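Source file: work.cif. Holds: mmCIF, C-alpha atoms.
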```cif
data_start
#
loop_
_atom_site.group_PDB
_atom_site.id
_atom_site.type_symbol
_atom_site.label_atom_id
_atom_site.label_comp_id
_atom_site.auth_asym_id
_atom_site.auth_seq_id
_atom_site.Cartn_x
_atom_site.Cartn_y
_atom_site.Cartn_z
ATOM 1 C CA MET A 719 -54.222 -49.303 0.140
ATOM 2 C CA PHE A 720 -56.938 -47.619 -1.897
ATOM 3 C CA MET A 721 -54.383 -45.557 -3.796
ATOM 4 C CA VAL A 722 -52.658 -48.796 -4.827
ATOM 5 C CA LEU A 723 -55.921 -50.396 -5.971
ATOM 6 C CA LYS A 724 -57.371 -47.295 -7.628
ATOM 7 C CA PRO A 725 -55.462 -47.590 -10.945
ATOM 8 C CA TYR A 726 -56.518 -51.239 -11.267
ATOM 9 C CA LEU A 727 -60.143 -50.295 -10.645
ATOM 10 C CA GLU A 728 -59.821 -47.678 -13.385
ATOM 11 C CA LEU A 729 -58.629 -50.387 -15.763
ATOM 12 C CA CYS A 730 -61.869 -52.255 -15.086
ATOM 13 C CA ARG A 731 -64.186 -49.347 -15.932
ATOM 14 C CA ILE A 732 -66.467 -50.536 -13.162
ATOM 15 C CA THR A 733 -69.553 -48.607 -14.285
ATOM 16 C CA LEU A 734 -69.575 -50.093 -17.795
ATOM 17 C CA SER A 735 -68.812 -53.562 -16.467
ATOM 18 C CA LEU A 736 -71.685 -53.344 -13.987
ATOM 19 C CA PHE A 737 -73.899 -52.186 -16.834
ATOM 20 C CA SER A 738 -73.034 -55.337 -18.794
ATOM 21 C CA ALA A 739 -73.775 -57.513 -15.770
ATOM 22 C CA LEU A 740 -77.115 -55.788 -15.195
ATOM 23 C CA SER A 741 -78.127 -56.256 -18.826
ATOM 24 C CA ALA A 742 -77.412 -59.982 -18.413
ATOM 25 C CA VAL A 743 -79.616 -60.092 -15.307
ATOM 26 C CA THR A 744 -82.323 -58.363 -17.347
ATOM 27 C CA GLY A 745 -82.087 -61.048 -20.005
ATOM 28 C CA TYR A 746 -82.216 -63.734 -17.317
ATOM 29 C CA ILE A 747 -85.357 -62.292 -15.741
ATOM 30 C CA LEU A 748 -87.099 -61.727 -19.077
ATOM 31 C CA ALA A 749 -86.590 -65.394 -19.969
ATOM 32 C CA GLY A 750 -89.184 -66.045 -17.275
ATOM 33 C CA SER A 751 -87.235 -68.063 -14.720
ATOM 34 C CA GLY A 752 -87.026 -65.433 -11.989
ATOM 35 C CA LEU A 753 -83.908 -64.859 -9.915
ATOM 36 C CA ALA A 754 -81.841 -67.851 -8.769
ATOM 37 C CA LEU A 755 -78.316 -68.736 -7.643
ATOM 38 C CA LYS A 756 -77.380 -69.220 -11.291
ATOM 39 C CA THR A 757 -78.165 -65.526 -11.853
ATOM 40 C CA ALA A 758 -75.343 -64.574 -9.497
ATOM 41 C CA PHE A 759 -72.844 -66.790 -11.337
ATOM 42 C CA VAL A 760 -73.847 -65.343 -14.706
ATOM 43 C CA ALA A 761 -73.770 -61.726 -13.499
ATOM 44 C CA THR A 762 -70.427 -62.223 -11.734
ATOM 45 C CA GLY A 763 -68.949 -63.965 -14.760
ATOM 46 C CA ILE A 764 -70.000 -61.208 -17.117
ATOM 47 C CA PHE A 765 -68.852 -58.467 -14.737
ATOM 48 C CA LEU A 766 -65.384 -59.995 -14.317
ATOM 49 C CA SER A 767 -65.094 -60.748 -18.033
ATOM 50 C CA ALA A 768 -66.084 -57.177 -18.887
ATOM 51 C CA CYS A 769 -63.512 -55.865 -16.402
ATOM 52 C CA GLY A 770 -60.852 -58.099 -17.937
ATOM 53 C CA ALA A 771 -61.769 -57.107 -21.501
ATOM 54 C CA SER A 772 -61.605 -53.431 -20.512
ATOM 55 C CA ALA A 773 -58.185 -53.851 -18.897
ATOM 56 C CA LEU A 774 -56.898 -55.782 -21.909
ATOM 57 C CA ASN A 775 -58.252 -53.104 -24.250
ATOM 58 C CA GLN A 776 -56.387 -50.408 -22.329
ATOM 59 C CA TYR A 777 -53.226 -52.508 -22.556
ATOM 60 C CA GLN A 778 -53.720 -52.852 -26.318
ATOM 61 C CA GLU A 779 -54.384 -49.142 -26.839
ATOM 62 C CA ARG A 780 -51.965 -47.681 -24.294
ATOM 63 C CA ARG A 781 -49.902 -45.858 -26.932
ATOM 64 C CA THR A 782 -52.908 -44.392 -28.728
ATOM 65 C CA ASP A 783 -54.494 -43.388 -25.410
ATOM 66 C CA ALA A 784 -51.450 -41.247 -24.633
ATOM 67 C CA PHE A 785 -52.354 -38.884 -27.513
ATOM 68 C CA MET A 786 -55.992 -38.387 -26.538
ATOM 69 C CA GLU A 787 -57.107 -35.773 -24.057
ATOM 70 C CA ARG A 788 -59.910 -38.066 -22.854
ATOM 71 C CA THR A 789 -57.649 -41.044 -22.167
ATOM 72 C CA LYS A 790 -54.138 -39.776 -21.479
ATOM 73 C CA GLY A 791 -54.843 -39.835 -17.730
ATOM 74 C CA ARG A 792 -55.630 -43.559 -17.734
ATOM 75 C CA PRO A 793 -53.360 -45.792 -15.644
ATOM 76 C CA LEU A 794 -51.136 -47.025 -18.491
ATOM 77 C CA PRO A 795 -50.406 -43.835 -20.491
ATOM 78 C CA SER A 796 -49.977 -41.909 -17.237
ATOM 79 C CA GLY A 797 -47.433 -44.474 -16.002
ATOM 80 C CA ARG A 798 -49.286 -45.454 -12.843
ATOM 81 C CA ILE A 799 -49.280 -49.127 -13.850
ATOM 82 C CA ARG A 800 -46.665 -51.042 -15.817
ATOM 83 C CA PRO A 801 -47.953 -52.614 -19.032
ATOM 84 C CA PHE A 802 -47.151 -56.217 -18.092
ATOM 85 C CA HIS A 803 -48.940 -55.766 -14.741
ATOM 86 C CA ALA A 804 -52.045 -54.606 -16.600
ATOM 87 C CA LEU A 805 -51.784 -57.548 -18.999
ATOM 88 C CA TYR A 806 -51.524 -60.106 -16.173
ATOM 89 C CA PHE A 807 -54.368 -58.410 -14.323
ATOM 90 C CA SER A 808 -56.612 -58.509 -17.394
ATOM 91 C CA LEU A 809 -55.896 -62.196 -18.045
ATOM 92 C CA LEU A 810 -56.607 -63.024 -14.392
ATOM 93 C CA LEU A 811 -59.974 -61.264 -14.578
ATOM 94 C CA LEU A 812 -60.865 -62.977 -17.844
ATOM 95 C CA CYS A 813 -60.035 -66.394 -16.396
ATOM 96 C CA ALA A 814 -62.071 -65.648 -13.265
ATOM 97 C CA GLY A 815 -64.998 -64.441 -15.366
ATOM 98 C CA MET A 816 -65.013 -67.493 -17.609
ATOM 99 C CA THR A 817 -64.767 -69.756 -14.542
ATOM 100 C CA ALA A 818 -67.870 -68.140 -13.047
ATOM 101 C CA LEU A 819 -69.706 -68.627 -16.354
ATOM 102 C CA VAL A 820 -68.692 -72.291 -16.407
ATOM 103 C CA LEU A 821 -70.031 -72.659 -12.854
ATOM 104 C CA SER A 822 -73.365 -71.264 -14.054
ATOM 105 C CA GLY A 823 -73.779 -74.492 -15.979
ATOM 106 C CA SER A 824 -74.729 -72.720 -19.226
ATOM 107 C CA LEU A 825 -72.605 -73.678 -22.221
ATOM 108 C CA ALA A 826 -74.278 -70.955 -24.295
ATOM 109 C CA ALA A 827 -73.250 -68.293 -21.753
ATOM 110 C CA VAL A 828 -69.646 -69.533 -21.813
ATOM 111 C CA LEU A 829 -69.472 -69.532 -25.613
ATOM 112 C CA LEU A 830 -71.118 -66.120 -25.948
ATOM 113 C CA GLY A 831 -68.821 -64.737 -23.247
ATOM 114 C CA ALA A 832 -65.792 -65.923 -25.197
ATOM 115 C CA CYS A 833 -67.269 -64.419 -28.386
ATOM 116 C CA ALA A 834 -67.772 -61.064 -26.650
ATOM 117 C CA VAL A 835 -64.108 -60.900 -25.623
ATOM 118 C CA ILE A 836 -62.911 -61.932 -29.086
ATOM 119 C CA LEU A 837 -65.161 -59.401 -30.791
ATOM 120 C CA TYR A 838 -64.181 -56.554 -28.447
ATOM 121 C CA ASN A 839 -60.459 -57.141 -27.974
ATOM 122 C CA GLY A 840 -59.930 -58.681 -31.391
ATOM 123 C CA LEU A 841 -62.274 -57.437 -34.080
ATOM 124 C CA TYR A 842 -63.336 -54.049 -32.676
ATOM 125 C CA THR A 843 -59.863 -53.040 -31.484
ATOM 126 C CA TYR A 844 -58.544 -53.872 -34.963
ATOM 127 C CA LEU A 845 -61.368 -52.285 -36.968
ATOM 128 C CA LYS A 846 -61.374 -48.989 -35.072
ATOM 129 C CA ARG A 847 -57.877 -48.380 -36.482
ATOM 130 C CA LYS A 848 -59.145 -49.052 -40.004
ATOM 131 C CA THR A 849 -62.582 -47.470 -40.248
ATOM 132 C CA ALA A 850 -64.678 -44.875 -38.463
ATOM 133 C CA PHE A 851 -67.680 -47.194 -38.841
ATOM 134 C CA ALA A 852 -66.247 -49.976 -36.667
ATOM 135 C CA SER A 853 -68.897 -49.346 -34.009
ATOM 136 C CA VAL A 854 -71.746 -50.398 -36.329
ATOM 137 C CA PRO A 855 -70.910 -54.090 -36.908
ATOM 138 C CA CYS A 856 -69.275 -54.399 -33.497
ATOM 139 C CA ALA A 857 -72.351 -53.046 -31.698
ATOM 140 C CA VAL A 858 -73.428 -56.682 -31.572
ATOM 141 C CA ILE A 859 -71.134 -56.893 -28.519
ATOM 142 C CA GLY A 860 -73.716 -54.905 -26.554
ATOM 143 C CA ALA A 861 -76.408 -57.454 -27.415
ATOM 144 C CA LEU A 862 -74.454 -60.451 -26.099
ATOM 145 C CA PRO A 863 -74.785 -59.994 -22.280
ATOM 146 C CA PRO A 864 -78.636 -60.017 -22.281
ATOM 147 C CA ALA A 865 -78.507 -63.024 -24.620
ATOM 148 C CA MET A 866 -76.145 -64.768 -22.190
ATOM 149 C CA GLY A 867 -78.562 -64.149 -19.342
ATOM 150 C CA TRP A 868 -81.450 -65.335 -21.494
ATOM 151 C CA PHE A 869 -79.830 -68.664 -22.383
ATOM 152 C CA ALA A 870 -78.516 -69.217 -18.857
ATOM 153 C CA ALA A 871 -82.112 -68.992 -17.621
ATOM 154 C CA GLY A 872 -83.171 -71.652 -20.090
ATOM 155 C CA GLY A 873 -84.652 -69.299 -22.650
ATOM 156 C CA SER A 874 -85.334 -70.771 -26.056
ATOM 157 C CA PHE A 875 -84.007 -69.876 -29.496
ATOM 158 C CA PRO A 876 -85.334 -68.597 -31.769
ATOM 159 C CA ASP A 877 -87.652 -66.401 -29.728
ATOM 160 C CA GLN A 878 -89.094 -63.042 -30.751
ATOM 161 C CA ARG A 879 -88.633 -61.682 -27.229
ATOM 162 C CA LEU A 880 -84.895 -62.367 -27.361
ATOM 163 C CA THR A 881 -84.737 -60.707 -30.778
ATOM 164 C CA ALA A 882 -86.441 -57.590 -29.403
ATOM 165 C CA VAL A 883 -84.076 -57.372 -26.410
ATOM 166 C CA CYS A 884 -80.945 -57.874 -28.516
ATOM 167 C CA PHE A 885 -82.135 -55.347 -31.093
ATOM 168 C CA LEU A 886 -82.636 -52.734 -28.374
ATOM 169 C CA PHE A 887 -79.131 -53.180 -26.979
ATOM 170 C CA PHE A 888 -77.584 -53.304 -30.448
ATOM 171 C CA ILE A 889 -79.132 -49.976 -31.441
ATOM 172 C CA TRP A 890 -78.303 -48.390 -28.081
ATOM 173 C CA GLN A 891 -74.658 -49.409 -28.483
ATOM 174 C CA ILE A 892 -74.435 -47.597 -31.815
ATOM 175 C CA SER A 893 -76.010 -44.458 -30.299
ATOM 176 C CA HIS A 894 -73.541 -44.716 -27.414
ATOM 177 C CA PHE A 895 -70.513 -44.751 -29.724
ATOM 178 C CA TRP A 896 -71.734 -42.088 -32.133
ATOM 179 C CA LEU A 897 -72.370 -39.686 -29.269
ATOM 180 C CA LEU A 898 -68.782 -40.344 -28.193
ATOM 181 C CA PHE A 899 -67.617 -39.352 -31.681
ATOM 182 C CA LEU A 900 -69.608 -36.124 -31.467
ATOM 183 C CA THR A 901 -67.993 -35.323 -28.130
ATOM 184 C CA HIS A 902 -64.451 -36.559 -28.733
ATOM 185 C CA GLY A 903 -64.116 -36.729 -32.534
ATOM 186 C CA ARG A 904 -61.226 -34.279 -32.697
ATOM 187 C CA ASP A 905 -59.479 -36.285 -29.995
ATOM 188 C CA TYR A 906 -59.673 -39.389 -32.200
ATOM 189 C CA GLU A 907 -58.209 -37.403 -35.080
ATOM 190 C CA ARG A 908 -55.247 -36.217 -32.995
ATOM 191 C CA ALA A 909 -54.518 -39.826 -32.050
ATOM 192 C CA GLY A 910 -54.461 -40.804 -35.721
ATOM 193 C CA LEU A 911 -57.651 -42.882 -35.506
ATOM 194 C CA PRO A 912 -60.416 -42.777 -38.138
ATOM 195 C CA SER A 913 -63.165 -40.485 -36.920
ATOM 196 C CA LEU A 914 -66.702 -39.833 -38.102
ATOM 197 C CA THR A 915 -65.925 -36.131 -37.799
ATOM 198 C CA ARG A 916 -63.728 -36.574 -40.891
ATOM 199 C CA VAL A 917 -66.457 -38.448 -42.768
ATOM 200 C CA PHE A 918 -69.386 -36.129 -42.019
ATOM 201 C CA GLU A 919 -69.816 -32.449 -41.365
ATOM 202 C CA ARG A 920 -70.787 -31.642 -37.790
ATOM 203 C CA ARG A 921 -74.437 -30.943 -38.638
ATOM 204 C CA GLN A 922 -74.690 -34.155 -40.667
ATOM 205 C CA LEU A 923 -73.232 -36.178 -37.810
ATOM 206 C CA GLU A 924 -75.677 -34.602 -35.362
ATOM 207 C CA ARG A 925 -78.644 -35.545 -37.557
ATOM 208 C CA ILE A 926 -77.483 -39.116 -38.106
ATOM 209 C CA THR A 927 -76.810 -39.554 -34.394
ATOM 210 C CA PHE A 928 -80.324 -38.292 -33.718
ATOM 211 C CA VAL A 929 -81.645 -41.060 -35.986
ATOM 212 C CA TRP A 930 -79.794 -43.633 -33.841
ATOM 213 C CA PHE A 931 -81.201 -41.854 -30.794
ATOM 214 C CA LEU A 932 -84.708 -42.178 -32.250
ATOM 215 C CA SER A 933 -84.102 -45.830 -33.162
ATOM 216 C CA THR A 934 -83.182 -46.645 -29.570
ATOM 217 C CA THR A 935 -86.448 -45.116 -28.387
ATOM 218 C CA VAL A 936 -88.413 -47.083 -30.985
ATOM 219 C CA GLY A 937 -86.610 -50.261 -29.912
ATOM 220 C CA ALA A 938 -87.740 -49.709 -26.327
ATOM 221 C CA LEU A 939 -91.308 -48.939 -27.405
ATOM 222 C CA LEU A 940 -91.458 -52.173 -29.395
ATOM 223 C CA THR A 941 -90.814 -54.346 -26.340
ATOM 224 C CA PRO A 942 -94.498 -54.554 -25.265
ATOM 225 C CA PHE A 943 -95.469 -55.824 -28.727
ATOM 226 C CA TYR A 944 -93.082 -58.742 -28.272
ATOM 227 C CA GLY A 945 -94.484 -59.739 -24.905
ATOM 228 C CA LEU A 946 -91.718 -58.263 -22.759
ATOM 229 C CA THR A 947 -94.065 -56.294 -20.496
ATOM 230 C CA ALA A 948 -96.790 -57.728 -18.297
ATOM 231 C CA SER A 949 -98.707 -54.677 -17.087
ATOM 232 C CA ASP A 950 -100.312 -51.496 -18.397
ATOM 233 C CA ALA A 951 -98.312 -49.487 -15.867
ATOM 234 C CA ALA A 952 -95.049 -50.596 -17.489
ATOM 235 C CA ASN A 953 -96.386 -49.690 -20.935
ATOM 236 C CA TYR A 954 -97.424 -46.210 -19.792
ATOM 237 C CA LEU A 955 -94.047 -45.611 -18.178
ATOM 238 C CA LEU A 956 -92.268 -46.714 -21.345
ATOM 239 C CA CYS A 957 -94.308 -44.221 -23.375
ATOM 240 C CA ALA A 958 -93.765 -41.368 -20.913
ATOM 241 C CA THR A 959 -90.004 -41.872 -20.702
ATOM 242 C CA ALA A 960 -89.805 -42.251 -24.494
ATOM 243 C CA ILE A 961 -91.307 -38.784 -24.898
ATOM 244 C CA LEU A 962 -88.827 -37.300 -22.442
ATOM 245 C CA HIS A 963 -85.991 -39.142 -24.139
ATOM 246 C CA MET A 964 -86.929 -37.782 -27.546
ATOM 247 C CA LEU A 965 -87.199 -34.226 -26.238
ATOM 248 C CA ASN A 966 -83.651 -34.640 -24.985
ATOM 249 C CA GLY A 967 -82.503 -36.069 -28.315
ATOM 250 C CA MET A 968 -84.018 -33.221 -30.310
ATOM 251 C CA LYS A 969 -81.436 -30.888 -28.806
ATOM 252 C CA LEU A 970 -78.974 -32.526 -31.188
ATOM 253 C CA LEU A 971 -80.909 -30.994 -34.094
ATOM 254 C CA ARG A 972 -80.853 -27.433 -32.907
ATOM 255 C CA GLY A 973 -77.168 -26.670 -33.557
ATOM 256 C CA PRO A 974 -74.630 -25.309 -33.597
ATOM 257 C CA GLY A 975 -72.551 -28.149 -32.134
ATOM 258 C CA ASP A 976 -72.129 -27.891 -28.386
ATOM 259 C CA ILE A 977 -69.946 -30.318 -26.421
ATOM 260 C CA PHE A 978 -72.048 -29.752 -23.310
ATOM 261 C CA VAL A 979 -75.215 -30.774 -25.196
ATOM 262 C CA TYR A 980 -73.465 -33.914 -26.469
ATOM 263 C CA ARG A 981 -72.338 -34.885 -22.986
ATOM 264 C CA ILE A 982 -75.799 -34.376 -21.531
ATOM 265 C CA ALA A 983 -77.310 -36.440 -24.356
ATOM 266 C CA PHE A 984 -74.734 -39.179 -23.739
ATOM 267 C CA SER A 985 -75.435 -39.416 -20.018
ATOM 268 C CA ARG A 986 -79.207 -39.301 -20.524
ATOM 269 C CA MET A 987 -79.037 -41.950 -23.242
ATOM 270 C CA ASN A 988 -77.305 -44.311 -20.816
ATOM 271 C CA ALA A 989 -79.721 -43.369 -18.031
ATOM 272 C CA TYR A 990 -82.624 -44.089 -20.371
ATOM 273 C CA ILE A 991 -81.502 -47.604 -21.297
ATOM 274 C CA LEU A 992 -80.767 -48.285 -17.626
ATOM 275 C CA PHE A 993 -84.301 -47.219 -16.717
ATOM 276 C CA VAL A 994 -85.763 -49.450 -19.442
ATOM 277 C CA MET A 995 -83.774 -52.423 -18.124
ATOM 278 C CA LEU A 996 -84.917 -51.852 -14.561
ATOM 279 C CA LEU A 997 -88.527 -51.280 -15.634
ATOM 280 C CA LEU A 998 -88.726 -54.459 -17.724
ATOM 281 C CA SER A 999 -87.061 -56.487 -14.987
ATOM 282 C CA ALA A 1000 -89.221 -55.131 -12.158
ATOM 283 C CA ASP A 1001 -92.378 -55.550 -14.205
ATOM 284 C CA ARG A 1002 -91.567 -59.196 -14.912
ATOM 285 C CA VAL A 1003 -90.642 -59.971 -11.287
ATOM 286 C CA ILE A 1004 -93.765 -58.291 -9.874
ATOM 287 C CA ASN A 1005 -96.160 -59.769 -12.424
ATOM 288 C CA ARG A 1006 -94.842 -63.320 -12.747
#
```

Let me see the structure of the file written as C-alpha cells.
Amino acid sequence: MFMVLKPYLELCRITLSLFSALSAVTGYILAGSGLALKTAFVATGIFLSACGASALNQYQERRTDAFMERTKGRPLPSGRIRPFHALYFSLLLLCAGMTALVLSGSLAAVLLGACAVILYNGLYTYLKRKTAFASVPCAVIGALPPAMGWFAAGGSFPDQRLTAVCFLFFIWQISHFWLLFLTHGRDYERAGLPSLTRVFERRQLERITFVWFLSTTVGALLTPFYGLTASDAANYLLCATAILHMLNGMKLLRGPGDIFVYRIAFSRMNAYILFVMLLLSADRVINR
C-alpha cells in the first residue's frame, strides 16, 4: 500500500508544504489570538493547498524535469504516475485546501490562498522559463502563508508587525532560491531554463547570495523592534543564532565554489528560519 501512495506523497513535497502550514500558524500566533480551532482549519487548508500546488507544478514541468538530474526521478518524469492522475490529484488537493480555508471563516485567508496558487502555478511557472530572476518578484509567495494566518486570527492591516513578518519570509524565499541556483545551476542550463549561473560568474553569484543570506539574518533581528518578541530571552536567542547563521553564510565567500558547501548552507538556512518561527511562536504563547 505504501509503495502505491509513495509517488503521490512525493508529488506533495510534504516537507515544504508543512513548512508553509507552520509559517501560517506562526502568523496566527503573532497576531495575538493564541491557538484555536480556527488555527487547525487554516493550517490544514494551507498544507493541502501547498500540496496541490506542488503536484500541479510537477504536472506542468514534467517534461523539463526529465532533463534535470535533480528532478528526473520525480514521479512523473520517471513514469511512476500517469500525467492525468497527477493532474486530478492536484486539483483534488487544491479543492480540499480551499474548502478548509473557507471553513476557517476568513475571507482574507481564502483570497490570499487563491493568490498564492495563481502566483506559483501561473506567474512563477511562466516567468522561470523567461528569466533567471523570476524568484525575486515571485518570492512574495513565501510571505503569503504567514499573512493568511495573521488575518485569520483577526490581525489588522496595515500593521508594522505584519510587515516585519512578511519581509522576513520574502527575503528568506529569495535566499532559498538563489542557493538552489548555486547548487543546481548547471542542471537548469541542461534543461534549457534561464539560470543565474549564465548571468553571473560563480564568485559573483556566491557574493550576491551571501547578501541575501545576510538580509535574512537582518530581517530576523529586526523582529524585536517591531514588537514581535515579548521577552529578553527571545531577543538573546535571536542574536546568538544570528551570529551562528552568519558564520555559516560566510563560507560562501571563501571560494572556490563547492557544491557541498552550498548544500550545507541551504539546509542551515531553512533550519534557521524554522528556528526563528518556533522561537517567535513559543515566546508569544508563553508570554501572552

Residue neighbourhood segment 899-908 of chain A, 12 Å, all atoms listed in the file, exclusion window fewer than 6 positions, as a ChimeraX atom specification
/A:782-790,846-847,849-853,892-893,914-928,970,975-985

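Applied to this file, the PyMOL selection byres ((chain A and resi 999) around 9) selects Val743, Thr744, Gly745, Ile747, Leu748, Thr947, Val994, Met995, Leu996, Leu997, Leu998, Ala1000, Asp1001, Arg1002, Val1003 and Ile1004 of chain A.
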
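Restricting the calculation to only C-alpha atoms, the smallest distance between Arg798 of chain A and any of A:Leu897, A:Leu723, A:Met968, A:Leu992 is found for A:Leu723.
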
Between atom CA of Ala814 of chain A and atom CA of Ile764 of chain A, what distance in Å does the model show, to one decimal?
9.9 Å

Picked residues, the PyMOL selection byres ((chain A and resi 835) around 10), expected as a list of chain:residue names:
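Going through the file, the PyMOL selection byres ((chain A and resi 835) around 10) ends up selecting A:Ser767, A:Ala768, A:Gly770, A:Ala771, A:Ser772, A:Leu774, A:Asn775, A:Leu812, A:Leu830, A:Gly831, A:Ala832, A:Cys833, A:Ala834, A:Ile836, A:Leu837, A:Tyr838, A:Asn839, A:Gly840, A:Leu841, A:Tyr842, A:Ile859.
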
Which protein, DNA or RNA residues are at most 7 Å from (-90.2, -64.7, -27.9) in the file's coordinates when you count all atoms listed in the file, listed as a count of residues only?
5

Between atom CA of Leu898 of chain A and atom CA of His803 of chain A, what is the distance, to one decimal in Å?
28.5 Å

Using Å and a single decimal, report how far atom CA of Val820 of chain A sits from atom CA of Pro863 of chain A.
14.9 Å

Best match for closeness to Leu809 of chain A among A:Phe885, A:Arg1006, A:Met964, A:Tyr777, counting only C-alpha atoms:
A:Tyr777

Top pick for closest residue to Leu965 of chain A, considering A:Leu805, A:Leu946, A:Met987, A:Ala952 and counting all atoms listed in the file:
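The closest residue to Leu965 of chain A is A:Met987.
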